[in-house]
Amino acid sequence: MKSYRTIFAALALVAVGNAVAQPPVYLDDTQPIEARVKDALSRMTTAEKVAIIHAQSKFSSPGVQRLGIPGIWCTDGPHGIRPDVLWDEWEQAGATNDSCVAFPALTCLAATWDPDMAALYGKSIGEEARYRNKNVLLGPGVNIYRSPLNGRNFEYMGEDPCLTSAMVVPYVRGVQQNGVAACVKHYALNNQEVDRDHVNVLVDDRTLHEIYLPGFKAAVKEGGAWSIMPGYNKYNGDHACENSTLLLDILKGDWGFDGVAISDWGAVHNTEKVARNGLDMEFGSWTNGLNWGASNAYDNYYLAKPYLKLIEEGEMSTEELDDKAARVLRLIMRTEMNRNRPYGSLNSDEHYAAARRIGANGIVLLKNDGNLLPVAPSARKILVVGENAIKMMTVGGGSSSLKVQREVLPLDGIRAMAAQKGVEVAYERGYVGDVSGEYNGVTTGQNLNDGRSAEQLIADAVAAAREADMVIFIGGLNKSDHQDAEGCDRTDFGLPYGQDAVISALVEANPRTAVVMLTGNAYAMPWLNKVPSVVQGWYIGSEAGNALADVIFGEVNPSGKLPFTFAVDLKDYAAHAAGDAEMYPGVDGDVKYKEGMAVGYRHTDRLKPARVNFAFGHGLSYTTFMLGKATLSDKTLPADGNVRVTVPVTNTGDRAGAEVVQVYVRDVKSSVERPLKELKAFKKVIVAPGRTVDVELTLDKSAFAYYNADAKRWEVEPGKFEILVGTAADAISSRLSMSVDAADLAWKD
Ligand code: BGC
């Protein structure tokens, strides 16, 4: 009897004999991607090329059916995989297999200050995207925290370019190892939601390159992002999607981006500009379609028939089109047409574990007088107060809204852990904020109505507080309009719904009151001096309640650090300091970043007294750390451009914990004005109680550079520098001097 192997060999020969053995190059995934792209492109008609560069539905574009090339399916992003929508609607389709795990908001991820957490996040969300057959994940977001009023700050990673860059790279790589493209957004300068479709940002070149671009650059150059999303706003008079400086000069020129620039949804306005200036794909437009609002206007997208017409009439050559189509094909080869990519997984135990771990690692213990937290073993009765303890936060807030398989509410997480410890938990509402819970057809199903008056709610909470061993207030913002939500900014730095009064009344009734805030933004804290413990809890997603309980009960020792400054007042942020409408929200369509680089701590560092409640990089632990004297490997920047900073970190408390060593650089004397210090390296390290770990960090030459806008290059000026080592922007324990001798240390992006 013949073996199976012999039969297969015979069949293969027959196939070769019939000349069907060799697939065309573009279908052959043993061939290099560039050869496949070239081959596919050579087989396509002009009309087919135009067809693959614009949408065919809300979130998809067609491939080339004739050639068997699949299309692209995008999904939001950036905290979980959005429910499927109807073909041409934003409304969810009502499928029953599209619930997901909600991972913590990106502010929480950034607050871990741990690139390993970003890698875990990227890998996990990428697996969910892959399982759901999406090949572009619309995220992560890396816009810099310029104003605490920006409604979308929760989708971004804070105020500092070094932190943002370090966190975005592993996220992107983690997503893409699944054969799913990350789409980094919103490129660039999309720092407010007010007038977001048209606001024209005017910013000097140095600030652009030093503050607002590094996160994108890192995602592209180090992360190897396969796509990027030019945003809605304008820069220097041109919409980001039509902006040759941003797209052609910087992204594709300086950074050598070989991926796809995908428009934000409806961010395209002009065929010729968008065709010439570097955008590759158009999504979400409401074209006037030569017939406004026609239900399927896709053929009339700016990069559809109108573009084809320009080409056919000889107004434009096919050069740009070939480049766009090649990029789209490359993305398809990297994702859908990569037969070796993994299969992904959805709602797995591993993903819930990742969400909980990242969440607990990102929670920031801001204040903890008298070690009120973690909950003392002697506590028998805890009172939880506040709407955010019982409100689902994964529904709402705009495009990042999700349909979760499950969401553990803070109160439920606390109750579950308290039960294990024999602690009784009572609950009082305290205030009524936003009782809605619907987004694009996804409803929370929660009935949060409460008919009591504000006075009665406070009175009831106060009465219960008097009976409790300790009180945990869980409030903050939420995902409704003018809170932490897309499409509009906050109107006020203060907390909404009279929460300040509730907190003050509670702490008066029971001084053992801890405040836990779930927000994606900083806020006023008029009660701060009276409250012993404050926790910044962000939006944590599916595992919110469990992650919070982990920290509140001390199962996890908090190690999160603020990714942005918690200033005292709105006017302590430079964009708002002068109350100048030209700086925020803009006048006559222009918003001027007159503060330049004075963003976050780069601004508050110059204020005397420092007007911060909690500085950038701040975060406490249930143990204590001491940083010893830091040392430098060199007193002068060596030829290879690398200096090592070493600092001993001692855990002086009685439980294991993690500390984040932060290294800031100051140019002592420079020909241009520079911030008083800038974060250039950081490392999170776990230290056992009583032990000391030597932490080593490397500063490369870029840590000393500034962007010379005239020469369009990075330059290091010879002279003295200070290296500041510490655990927060306002907690510097070592100041070391070194110098740079080399003249002419300069490079292009
Ligand atoms: C948002 C993007 C989002 C897109 C698709 C836009 O309104 O700005 O962040 O990815 O919609 O939902």
# chains A, B, ... in the order shown; residues from 1 in each chain; ligands from 1

call {"tool": "residues_around", "arguments": {"residues": "Gly487 of chain A", "least_positions_apart": "6", "cutoff": "10 Å", "atoms": "only C-alpha atoms", "output": "ChimeraX atom specification"}}
result
/A:150-152,192-197,397-399,481

call {"tool": "residues_around", "arguments": {"residues": "Ala711 of chain A", "least_positions_apart": "2", "cutoff": "10 Å", "atoms": "only C-alpha atoms", "output": "ChimeraX atom specification"}}
result
/A:707-709,713-715,746-748

call {"tool": "closest_residue", "arguments": {"among": "A:Arg666, A:Arg655, A:His79, A:His618", "to": "Ile686 of chain A", "atoms": "only C-alpha atoms"}}
result
A:Arg655

call {"tool": "closest_atom_pairs", "arguments": {"of": "chain A", "to": "ligand 1", "cutoff": "9 Å", "atoms": "only C-alpha atoms and all ligand atoms", "output": "JSON lines"}}
result
{"residue": "A:Lys58", "atom": "CA", "partner": "ligand 1", "partner_atom_place_in_ligand_line": "5 (C)", "distance": 8.3}
{"residue": "A:Phe59", "atom": "CA", "partner": "ligand 1", "partner_atom_place_in_ligand_line": "5 (C)", "distance": 7.5}
{"residue": "A:Cys74", "atom": "CA", "partner": "ligand 1", "partner_atom_place_in_ligand_line": "5 (C)", "distance": 8.4}
{"residue": "A:Thr75", "atom": "CA", "partner": "ligand 1", "partner_atom_place_in_ligand_line": "12 (O)", "distance": 7.3}
{"residue": "A:Asp76", "atom": "CA", "partner": "ligand 1", "partner_atom_place_in_ligand_line": "10 (O)", "distance": 5.3}
{"residue": "A:Gly77", "atom": "CA", "partner": "ligand 1", "partner_atom_place_in_ligand_line": "10 (O)", "distance": 6.6}
{"residue": "A:Pro78", "atom": "CA", "partner": "ligand 1", "partner_atom_place_in_ligand_line": "10 (O)", "distance": 8.1}
{"residue": "A:Arg82", "atom": "CA", "partner": "ligand 1", "partner_atom_place_in_ligand_line": "12 (O)", "distance": 8.8}
{"residue": "A:Trp90", "atom": "CA", "partner": "ligand 1", "partner_atom_place_in_ligand_line": "12 (O)", "distance": 8.2}
{"residue": "A:Leu137", "atom": "CA", "partner": "ligand 1", "partner_atom_place_in_ligand_line": "10 (O)", "distance": 8.5}
{"residue": "A:Leu138", "atom": "CA", "partner": "ligand 1", "partner_atom_place_in_ligand_line": "10 (O)", "distance": 5.0}
{"residue": "A:Gly139", "atom": "CA", "partner": "ligand 1", "partner_atom_place_in_ligand_line": "10 (O)", "distance": 7.1}
{"residue": "A:Gly141", "atom": "CA", "partner": "ligand 1", "partner_atom_place_in_ligand_line": "9 (O)", "distance": 8.0}
{"residue": "A:Glu155", "atom": "CA", "partner": "ligand 1", "partner_atom_place_in_ligand_line": "9 (O)", "distance": 9.0}
{"residue": "A:Cys183", "atom": "CA", "partner": "ligand 1", "partner_atom_place_in_ligand_line": "10 (O)", "distance": 8.7}
{"residue": "A:Lys185", "atom": "CA", "partner": "ligand 1", "partner_atom_place_in_ligand_line": "9 (O)", "distance": 6.8}
{"residue": "A:His186", "atom": "CA", "partner": "ligand 1", "partner_atom_place_in_ligand_line": "9 (O)", "distance": 7.0}
{"residue": "A:Met229", "atom": "CA", "partner": "ligand 1", "partner_atom_place_in_ligand_line": "10 (O)", "distance": 8.1}
{"residue": "A:Gly231", "atom": "CA", "partner": "ligand 1", "partner_atom_place_in_ligand_line": "8 (O)", "distance": 7.0}
{"residue": "A:Tyr232", "atom": "CA", "partner": "ligand 1", "partner_atom_place_in_ligand_line": "8 (O)", "distance": 7.3}
{"residue": "A:Ser263", "atom": "CA", "partner": "ligand 1", "partner_atom_place_in_ligand_line": "4 (C)", "distance": 8.9}
{"residue": "A:Asp264", "atom": "CA", "partner": "ligand 1", "partner_atom_place_in_ligand_line": "6 (C)", "distance": 5.6}
{"residue": "A:Trp265", "atom": "CA", "partner": "ligand 1", "partner_atom_place_in_ligand_line": "11 (O)", "distance": 4.9}
{"residue": "A:Gly266", "atom": "CA", "partner": "ligand 1", "partner_atom_place_in_ligand_line": "7 (O)", "distance": 7.7}
{"residue": "A:Ala267", "atom": "CA", "partner": "ligand 1", "partner_atom_place_in_ligand_line": "6 (C)", "distance": 8.7}
{"residue": "A:Phe283", "atom": "CA", "partner": "ligand 1", "partner_atom_place_in_ligand_line": "5 (C)", "distance": 8.4}
{"residue": "A:Gly284", "atom": "CA", "partner": "ligand 1", "partner_atom_place_in_ligand_line": "5 (C)", "distance": 7.5}
{"residue": "A:Gly398", "atom": "CA", "partner": "ligand 1", "partner_atom_place_in_ligand_line": "7 (O)", "distance": 7.5}
{"residue": "A:Ser399", "atom": "CA", "partner": "ligand 1", "partner_atom_place_in_ligand_line": "12 (O)", "distance": 4.7}
{"residue": "A:Ser400", "atom": "CA", "partner": "ligand 1", "partner_atom_place_in_ligand_line": "9 (O)", "distance": 7.5}
{"residue": "A:Glu486", "atom": "CA", "partner": "ligand 1", "partner_atom_place_in_ligand_line": "8 (O)", "distance": 7.4}
{"residue": "A:Gly487", "atom": "CA", "partner": "ligand 1", "partner_atom_place_in_ligand_line": "7 (O)", "distance": 7.8}

call {"tool": "write_last_selection", "arguments": {"atoms": "C-alpha atoms", "output": "PDB file, in the first residue's frame"}}
result
ATOM      1  CA  LYS A  58     -18.239  52.944   8.107  1.00  0.00           C
ATOM      2  CA  PHE A  59     -15.152  50.945   8.991  1.00  0.00           C
ATOM      3  CA  CYS A  74     -10.821  48.956  11.024  1.00  0.00           C
ATOM      4  CA  THR A  75     -11.994  49.133  14.594  1.00  0.00           C
ATOM      5  CA  ASP A  76     -11.779  51.544  17.485  1.00  0.00           C
ATOM      6  CA  GLY A  77      -9.628  51.566  19.749  1.00  0.00           C
ATOM      7  CA  PRO A  78      -7.866  52.365  21.837  1.00  0.00           C
ATOM      8  CA  ARG A  82     -15.605  48.432  19.478  1.00  0.00           C
ATOM      9  CA  TRP A  90     -22.580  54.457  13.683  1.00  0.00           C
ATOM     10  CA  LEU A 137      -6.842  49.036  15.380  1.00  0.00           C
ATOM     11  CA  LEU A 138      -7.612  52.756  15.643  1.00  0.00           C
ATOM     12  CA  GLY A 139      -5.236  53.531  18.461  1.00  0.00           C
ATOM     13  CA  GLY A 141      -3.606  57.981  21.054  1.00  0.00           C
ATOM     14  CA  GLU A 155      -7.467  58.361  25.506  1.00  0.00           C
ATOM     15  CA  CYS A 183      -3.165  53.306  13.797  1.00  0.00           C
ATOM     16  CA  LYS A 185      -3.773  58.977  16.450  1.00  0.00           C
ATOM     17  CA  HIS A 186      -4.476  61.865  16.106  1.00  0.00           C
ATOM     18  CA  MET A 229      -4.400  58.783  11.674  1.00  0.00           C
ATOM     19  CA  GLY A 231      -6.662  64.262  12.848  1.00  0.00           C
ATOM     20  CA  TYR A 232      -9.480  66.729  12.296  1.00  0.00           C
ATOM     21  CA  SER A 263      -7.888  60.040   7.639  1.00  0.00           C
ATOM     22  CA  ASP A 264      -9.865  60.543  10.816  1.00  0.00           C
ATOM     23  CA  TRP A 265     -13.500  59.899  10.077  1.00  0.00           C
ATOM     24  CA  GLY A 266     -14.720  62.769   7.944  1.00  0.00           C
ATOM     25  CA  ALA A 267     -11.510  64.765   8.210  1.00  0.00           C
ATOM     26  CA  PHE A 283     -12.713  57.177   5.866  1.00  0.00           C
ATOM     27  CA  GLY A 284     -15.911  58.507   7.314  1.00  0.00           C
ATOM     28  CA  GLY A 398     -17.280  58.759  22.000  1.00  0.00           C
ATOM     29  CA  SER A 399     -15.524  56.385  19.663  1.00  0.00           C
ATOM     30  CA  SER A 400     -13.746  54.593  22.512  1.00  0.00           C
ATOM     31  CA  GLU A 486     -15.028  63.011  22.672  1.00  0.00           C
ATOM     32  CA  GLY A 487     -16.563  65.892  20.775  1.00  0.00           C
TER      33      GLY A 487
END

call {"tool": "atom_distance", "arguments": {"atom1": "atom CA of Tyr431 of chain A", "atom2": "atom CA of Glu407 of chain A"}}
result
22.0 Å

call {"tool": "closest_residue", "arguments": {"among": "A:Gly158, A:Gly628, A:Gly63, A:Gly441", "to": "Ala95 of chain A", "atoms": "only C-alpha atoms"}}
result
A:Gly441

call {"tool": "residues_around", "arguments": {"residues": "Ser670 of chain A", "least_positions_apart": "6", "cutoff": "9 Å", "atoms": "only C-alpha atoms", "output": "MDAnalysis selection string"}}
result
chainID A and resid 717:720

call {"tool": "write_last_selection", "arguments": {"atoms": "N, CA, C and O atoms", "output": "compact mmCIF listing (two decimals), in the first residue's frame"}}
result
# COMPACT_ATOMS: atom_id res chain seq x y z
N GLU A 717 24.29 71.59 22.48
CA GLU A 717 25.26 72.68 22.65
C GLU A 717 26.30 72.28 23.68
O GLU A 717 25.96 71.75 24.74
N PRO A 718 27.56 72.52 23.39
CA PRO A 718 28.59 72.23 24.39
C PRO A 718 28.34 73.06 25.64
O PRO A 718 27.78 74.15 25.56
N GLY A 719 28.76 72.54 26.76
CA GLY A 719 28.58 73.29 28.01
C GLY A 719 28.16 72.36 29.14
O GLY A 719 28.24 71.13 29.03
N LYS A 720 27.70 72.98 30.21
CA LYS A 720 27.35 72.21 31.41
C LYS A 720 25.88 71.77 31.39
O LYS A 720 25.01 72.52 30.97
